[in-house]
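S.K.: Could you have a look at this structure, given as structure tokens, before my questions?
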Amino acid sequence: MSINGFYPISLASILVLAWQHSLKPPAVLILLAVVWANVAIHELGHVAVVRCTGGRVIGVTIKPWHGMTTLRQEHRLAFAVTALAGPAAGLVAGGAALFVLGQLSSPWVVTAIGVSLHAVLWAGICDNALNLLPVGVLDGNQFVKALREWRVHATVLAELFVP
């Protein structure tokens with residue numbers, strides 16, 4: 001079983017910001033690093049919950065706009081919680097980073113890179129929120145499938161043990 005996500009809003013925001021602000025390559029690399037960190041935090045959220053619920057992590061792949069955690073989770077309800085853990089970690093980290101950025105009064109925060117960093121952080125938050133949609137390979141769909149399987153399993157067990 002794997003949990004998989006793609007971050008299209010972050011990709012679009014980097015391209016628009018690079019064009020709009022005529023960002024130089026070092027600035028674009030900083031923004032790419034922020035997106036990569038967002039994906040890494042998201043995947044680490046899955047890993048943390050898998051380990052806490054007794055599952056096993058088989059592998060983690062992290063790319064700038066794509067991450068995937070391959071895991072073995074026996075209990076369907078634990079898998080459902082694991083599916084939500086990645087977006088939750090990404091939302092919390094993005095919100096915390098925006099809060100810290102808002103508290104800084106340094107001049108670089110109002111420059112093109114500061115404005116761009118703000119936009120990329122918001123894009124990461126939007127990507128994690130969209131990842132909760134119950135479609136395709138997104139975490140929201142993994143959550144819904146796991147809950148459905150857990151409910152069917154619980155119903156079958158209840159019917160077996162009811163006199």
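Chain labels run A, B, ... following the order of the structure tokens; each chain numbers its residues from 1, and ligands are numbered from 1 in the order shown.
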Near Val35 in chain A, within 9 Å and counting only C-alpha atoms, which residues show up once chain neighbours fewer than 4 positions away are dropped, as number ranges by chain?
M.R.: A: 7, 10-11, 30-31, 39-40, 64-65, 120-121, 123-124
S.K.: Apply DSSP to the structure's backbone, then extract all residues of chain A labelled helix (DSSP H, G or I) and return them as an NGL selection string.
M.R.: :A and (8-20 or 25-52 or 76-103 or 107-110 or 112-130 or 139-161)
S.K.: Go through A:Leu17, A:Glu149, A:Lys24, A:Thr155 one by one, measure the shortest atom-to-atom distance of each to His75 in chain A using only C-alpha atoms, and give the residue with the smallest value.
M.R.: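 Checking each candidate against His75 in chain A, we get A:Glu149 as the closest.
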S.K.: Can you list, as a list of chain:residue names, every protein, DNA or RNA residue that comes within 9 Å of Val47 in chain A when you count only C-alpha atoms, leaving out same-chain residues fewer than 4 positions away?
M.R.: A:Glu43, A:Arg51, A:Cys52, A:Arg56, A:Val57, A:Val60, A:Thr69, A:Leu71, A:Thr82, A:Ala85, A:Gly86
S.K.: Looking only at the backbone, which of the residues in chain A does DSSP tag as strand (DSSP E or B), as JSON, numbers by chain?
M.R.: {"A": [2, 3, 4, 5, 6, 56, 57, 58, 59, 60, 61, 62, 63, 66, 67, 68, 69, 70, 71, 72]}
S.K.: Restricting the output to all heavy atoms, write the selected residues as a compact mmCIF listing (two decimals), in the first residue's frame.
M.R.:
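Result went into again39.txt, see below:
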```txt
# COMPACT_ATOMS: atom_id res chain seq x y z
N SER A 2 0.54 2.22 -0.76
CA SER A 2 1.35 3.44 -0.77
C SER A 2 0.45 4.65 -0.67
O SER A 2 -0.71 4.62 -1.03
CB SER A 2 2.21 3.50 -2.02
OG SER A 2 1.39 3.56 -3.16
N ILE A 3 1.03 5.70 -0.16
CA ILE A 3 0.35 6.99 -0.07
C ILE A 3 1.13 7.94 -0.96
O ILE A 3 2.35 8.01 -0.89
CB ILE A 3 0.31 7.46 1.39
CG1 ILE A 3 -0.59 6.53 2.18
CG2 ILE A 3 -0.17 8.88 1.48
CD1 ILE A 3 -0.73 6.88 3.63
N ASN A 4 0.45 8.68 -1.79
CA ASN A 4 1.08 9.36 -2.89
C ASN A 4 0.45 10.75 -3.05
O ASN A 4 -0.74 10.88 -2.88
CB ASN A 4 0.75 8.46 -4.08
CG ASN A 4 1.40 8.86 -5.34
OD1 ASN A 4 1.75 9.99 -5.53
ND2 ASN A 4 1.52 7.90 -6.23
N GLY A 5 1.23 11.76 -3.39
CA GLY A 5 0.66 13.09 -3.60
C GLY A 5 1.44 13.90 -4.63
O GLY A 5 2.62 13.69 -4.82
N PHE A 6 0.76 14.80 -5.30
CA PHE A 6 1.37 15.67 -6.30
C PHE A 6 0.99 17.10 -5.96
O PHE A 6 -0.12 17.35 -5.52
CB PHE A 6 0.86 15.28 -7.68
CG PHE A 6 1.37 16.16 -8.78
CD1 PHE A 6 2.73 16.21 -9.06
CD2 PHE A 6 0.52 16.93 -9.54
CE1 PHE A 6 3.22 17.01 -10.07
CE2 PHE A 6 1.00 17.73 -10.55
CZ PHE A 6 2.35 17.77 -10.81
N ARG A 56 4.68 -0.55 9.17
CA ARG A 56 6.06 -0.62 8.72
C ARG A 56 6.24 0.24 7.47
O ARG A 56 5.46 0.13 6.52
CB ARG A 56 6.42 -2.06 8.41
CG ARG A 56 7.91 -2.26 8.26
CD ARG A 56 8.21 -3.69 8.00
NE ARG A 56 8.55 -3.74 6.58
CZ ARG A 56 8.73 -4.83 5.90
NH1 ARG A 56 8.59 -5.99 6.47
NH2 ARG A 56 9.03 -4.78 4.63
N VAL A 57 7.26 1.08 7.48
CA VAL A 57 7.58 1.90 6.33
C VAL A 57 8.50 1.10 5.43
O VAL A 57 9.56 0.65 5.86
CB VAL A 57 8.26 3.23 6.75
CG1 VAL A 57 8.66 4.04 5.54
CG2 VAL A 57 7.34 4.03 7.65
N ILE A 58 8.10 0.91 4.19
CA ILE A 58 8.91 0.16 3.24
C ILE A 58 9.84 1.10 2.48
O ILE A 58 10.98 0.79 2.22
CB ILE A 58 8.00 -0.63 2.28
CG1 ILE A 58 7.23 -1.66 3.10
CG2 ILE A 58 8.82 -1.29 1.18
CD1 ILE A 58 6.10 -2.31 2.38
N GLY A 59 9.35 2.29 2.12
CA GLY A 59 10.18 3.25 1.42
C GLY A 59 9.52 4.61 1.34
O GLY A 59 8.30 4.74 1.44
N VAL A 60 10.35 5.63 1.17
CA VAL A 60 9.87 7.00 1.02
C VAL A 60 10.58 7.62 -0.18
O VAL A 60 11.81 7.54 -0.27
CB VAL A 60 10.13 7.85 2.28
CG1 VAL A 60 9.68 9.28 2.07
CG2 VAL A 60 9.45 7.25 3.49
N THR A 61 9.82 8.21 -1.08
CA THR A 61 10.37 8.90 -2.23
C THR A 61 9.97 10.37 -2.12
O THR A 61 8.80 10.68 -1.94
CB THR A 61 9.80 8.33 -3.55
OG1 THR A 61 10.07 6.94 -3.60
CG2 THR A 61 10.39 9.02 -4.76
N ILE A 62 10.96 11.25 -2.24
CA ILE A 62 10.68 12.68 -2.16
C ILE A 62 11.31 13.36 -3.36
O ILE A 62 12.52 13.29 -3.56
CB ILE A 62 11.22 13.29 -0.85
CG1 ILE A 62 10.53 12.63 0.34
CG2 ILE A 62 11.00 14.80 -0.84
CD1 ILE A 62 11.11 13.03 1.66
N LYS A 63 10.46 14.01 -4.16
CA LYS A 63 10.90 14.80 -5.30
C LYS A 63 10.28 16.18 -5.14
O LYS A 63 9.35 16.35 -4.35
CB LYS A 63 10.44 14.14 -6.61
CG LYS A 63 11.04 12.77 -6.81
CD LYS A 63 10.51 12.13 -8.07
CE LYS A 63 11.10 10.74 -8.22
NZ LYS A 63 10.51 10.03 -9.33
N HIS A 66 6.51 15.87 -5.91
CA HIS A 66 5.89 14.57 -5.76
C HIS A 66 6.52 13.84 -4.59
O HIS A 66 7.73 13.89 -4.40
CB HIS A 66 6.09 13.76 -7.05
CG HIS A 66 5.56 12.38 -6.99
ND1 HIS A 66 4.22 12.10 -7.01
CD2 HIS A 66 6.19 11.19 -6.89
CE1 HIS A 66 4.06 10.79 -6.94
NE2 HIS A 66 5.23 10.22 -6.87
N GLY A 67 5.71 13.19 -3.81
CA GLY A 67 6.23 12.37 -2.73
C GLY A 67 5.40 11.10 -2.63
O GLY A 67 4.23 11.08 -3.00
N MET A 68 6.03 10.03 -2.15
CA MET A 68 5.30 8.78 -1.99
C MET A 68 5.91 8.01 -0.83
O MET A 68 7.12 7.86 -0.74
CB MET A 68 5.37 7.94 -3.25
CG MET A 68 4.54 6.67 -3.14
SD MET A 68 4.34 5.81 -4.69
CE MET A 68 5.95 5.09 -4.90
N THR A 69 5.04 7.55 0.06
CA THR A 69 5.44 6.70 1.17
C THR A 69 4.82 5.33 0.94
O THR A 69 3.60 5.21 0.86
CB THR A 69 4.98 7.27 2.52
OG1 THR A 69 5.54 8.58 2.68
CG2 THR A 69 5.41 6.41 3.67
N THR A 70 5.67 4.33 0.83
CA THR A 70 5.19 2.95 0.68
C THR A 70 5.24 2.33 2.07
O THR A 70 6.26 2.42 2.75
CB THR A 70 6.09 2.18 -0.30
OG1 THR A 70 6.18 2.92 -1.51
CG2 THR A 70 5.53 0.80 -0.58
N LEU A 71 4.13 1.71 2.46
CA LEU A 71 4.03 1.23 3.82
C LEU A 71 3.21 -0.04 3.92
O LEU A 71 2.50 -0.41 2.99
CB LEU A 71 3.43 2.31 4.72
CG LEU A 71 2.07 2.86 4.28
CD1 LEU A 71 0.96 2.24 5.10
CD2 LEU A 71 2.06 4.36 4.43
N ARG A 72 3.32 -0.68 5.05
CA ARG A 72 2.49 -1.84 5.36
C ARG A 72 1.78 -1.53 6.66
O ARG A 72 2.41 -1.34 7.69
CB ARG A 72 3.34 -3.09 5.50
CG ARG A 72 2.47 -4.31 5.80
CD ARG A 72 3.11 -5.60 5.45
NE ARG A 72 3.42 -5.58 4.02
CZ ARG A 72 4.50 -6.14 3.50
NH1 ARG A 72 5.34 -6.77 4.25
NH2 ARG A 72 4.73 -6.08 2.21
```
S.K.: One decimal, in Å: what's the spacing between CA of Leu101 in chain A and CA of His21 in chain A?
M.R.: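 Interatomic distance, CA of Leu101 in chain A to CA of His21 in chain A: 19.2 Å.
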S.K.: Which residues, written as an mmCIF file with N, CA and C atoms, in the first residue's frame, have at least one atom at most 7 Å from Gly90 in chain A, with only C-alpha atoms counted and residues fewer than 3 positions away on the same chain left out?
M.R.:
```
data_model
loop_
_atom_site.group_PDB
_atom_site.id
_atom_site.type_symbol
_atom_site.label_atom_id
_atom_site.label_comp_id
_atom_site.auth_asym_id
_atom_site.auth_seq_id
_atom_site.Cartn_x
_atom_site.Cartn_y
_atom_site.Cartn_z
ATOM 1 N N ASN A 38 8.447 21.158 1.964
ATOM 2 C CA ASN A 38 7.025 20.919 2.189
ATOM 3 C C ASN A 38 6.671 19.464 1.888
ATOM 4 N N ILE A 41 8.197 17.229 4.658
ATOM 5 C CA ILE A 41 7.429 17.301 5.909
ATOM 6 C C ILE A 41 6.135 16.504 5.780
ATOM 7 N N HIS A 42 5.487 16.620 4.635
ATOM 8 C CA HIS A 42 4.256 15.871 4.368
ATOM 9 C C HIS A 42 4.519 14.363 4.493
ATOM 10 N N GLY A 86 -0.091 13.104 6.624
ATOM 11 C CA GLY A 86 0.767 13.881 5.722
ATOM 12 C C GLY A 86 0.237 15.284 5.478
ATOM 13 N N PRO A 87 -1.025 15.397 5.009
ATOM 14 C CA PRO A 87 -1.575 16.740 4.827
ATOM 15 C C PRO A 87 -1.622 17.543 6.121
ATOM 16 N N ALA A 93 2.977 22.813 9.325
ATOM 17 C CA ALA A 93 4.299 23.384 9.028
ATOM 18 C C ALA A 93 4.177 24.639 8.167
ATOM 19 N N GLY A 94 3.309 24.610 7.164
ATOM 20 C CA GLY A 94 3.116 25.788 6.320
ATOM 21 C C GLY A 94 2.549 26.962 7.096
ATOM 22 N N ILE A 125 0.344 25.193 1.421
ATOM 23 C CA ILE A 125 -0.839 24.972 2.257
ATOM 24 C C ILE A 125 -2.019 24.549 1.382
ATOM 25 N N ASN A 128 -1.589 20.932 0.231
ATOM 26 C CA ASN A 128 -1.923 19.962 1.280
ATOM 27 C C ASN A 128 -3.431 19.889 1.500
#
```
S.K.: As a VMD selection string, please: the residues near Leu132 in chain A (cut-off 8 Å, only C-alpha atoms, same-chain neighbours under 6 positions excluded).
M.R.: chain A and resid 84 87 138 to 141
S.K.: With N, CA, C and O atoms retained, export the selected residues as a CSV table (one decimal), in the first residue's frame.
M.R.:
```
chain,number,residue,atom,x,y,z
A,84,LEU,N,-4.2,10.8,6.6
A,84,LEU,CA,-4.5,12.2,7.0
A,84,LEU,C,-3.3,12.9,7.6
A,84,LEU,O,-3.2,14.1,7.6
A,87,PRO,N,-1.0,15.4,5.0
A,87,PRO,CA,-1.6,16.7,4.8
A,87,PRO,C,-1.6,17.5,6.1
A,87,PRO,O,-1.4,18.7,6.1
A,138,LEU,N,-4.7,10.8,-4.4
A,138,LEU,CA,-4.5,11.7,-3.3
A,138,LEU,C,-4.9,11.1,-1.9
A,138,LEU,O,-5.6,10.1,-1.8
A,139,ASP,N,-4.3,11.7,-0.9
A,139,ASP,CA,-4.5,11.1,0.5
A,139,ASP,C,-5.9,11.1,0.9
A,139,ASP,O,-6.3,10.2,1.7
A,140,GLY,N,-6.7,12.0,0.5
A,140,GLY,CA,-8.2,12.0,0.8
A,140,GLY,C,-8.9,10.7,0.3
A,140,GLY,O,-9.7,10.1,1.0
A,141,ASN,N,-8.5,10.3,-0.9
A,141,ASN,CA,-9.1,9.1,-1.4
A,141,ASN,C,-8.6,7.9,-0.7
A,141,ASN,O,-9.3,6.9,-0.4
```
S.K.: Let me make sure I understand: among A:Gln103, A:Ser13, A:Asn131, A:Gln142, which one has the smallest atom-to-atom distance to Arg76 in chain A if we use only C-alpha atoms?
M.R.: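 Smallest distance to Arg76 in chain A is found for A:Gln142.
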S.K.: Mind running range 17-69 of chain A against range 77-81 of chain A at 9 Å and telling me each contacting residue's nearest atom pair with the distance in Å (one decimal), counting only C-alpha atoms, chain and number ascending, as a tab-separated table?
M.R.:
```
residue	atom	partner	partner_atom	distance
A:His46	CA	A:Val81	CA	8.9
A:Val49	CA	A:Val81	CA	7.6
A:Val50	CA	A:Phe79	CA	7.7
A:Thr53	CA	A:Ala78	CA	6.3
A:Gly54	CA	A:Ala78	CA	8.7
A:Gly55	CA	A:Ala78	CA	8.3
```
S.K.: For Ala89 in chain A, which residue among A:Ala37, A:Leu133, A:Leu117, A:Gln73 is the nearest when counting only C-alpha atoms?
M.R.: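 Smallest distance to Ala89 in chain A is found for A:Ala37.
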S.K.: Considering only C-alpha atoms, state which residue in the set A:Leu23, A:Ala18, A:Ala83, A:Val28 is at the smallest distance from Lys145 in chain A.
M.R.: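 For Lys145 in chain A, the nearest of the given residues is A:Ala83.
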S.K.: Report, in Å to a single decimal, how far apart CA of Leu130 in chain A and CA of His153 in chain A are.
M.R.: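 Computing the Euclidean distance for CA of His153 in chain A and CA of Leu130 in chain A yields 28.4 Å.
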S.K.: Could you jot down the CA of Leu98 in chain A to CA of Ser22 in chain A separation for me, Å, one decimal place?
M.R.: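 That distance, rounded to one decimal, is 22.9 Å.
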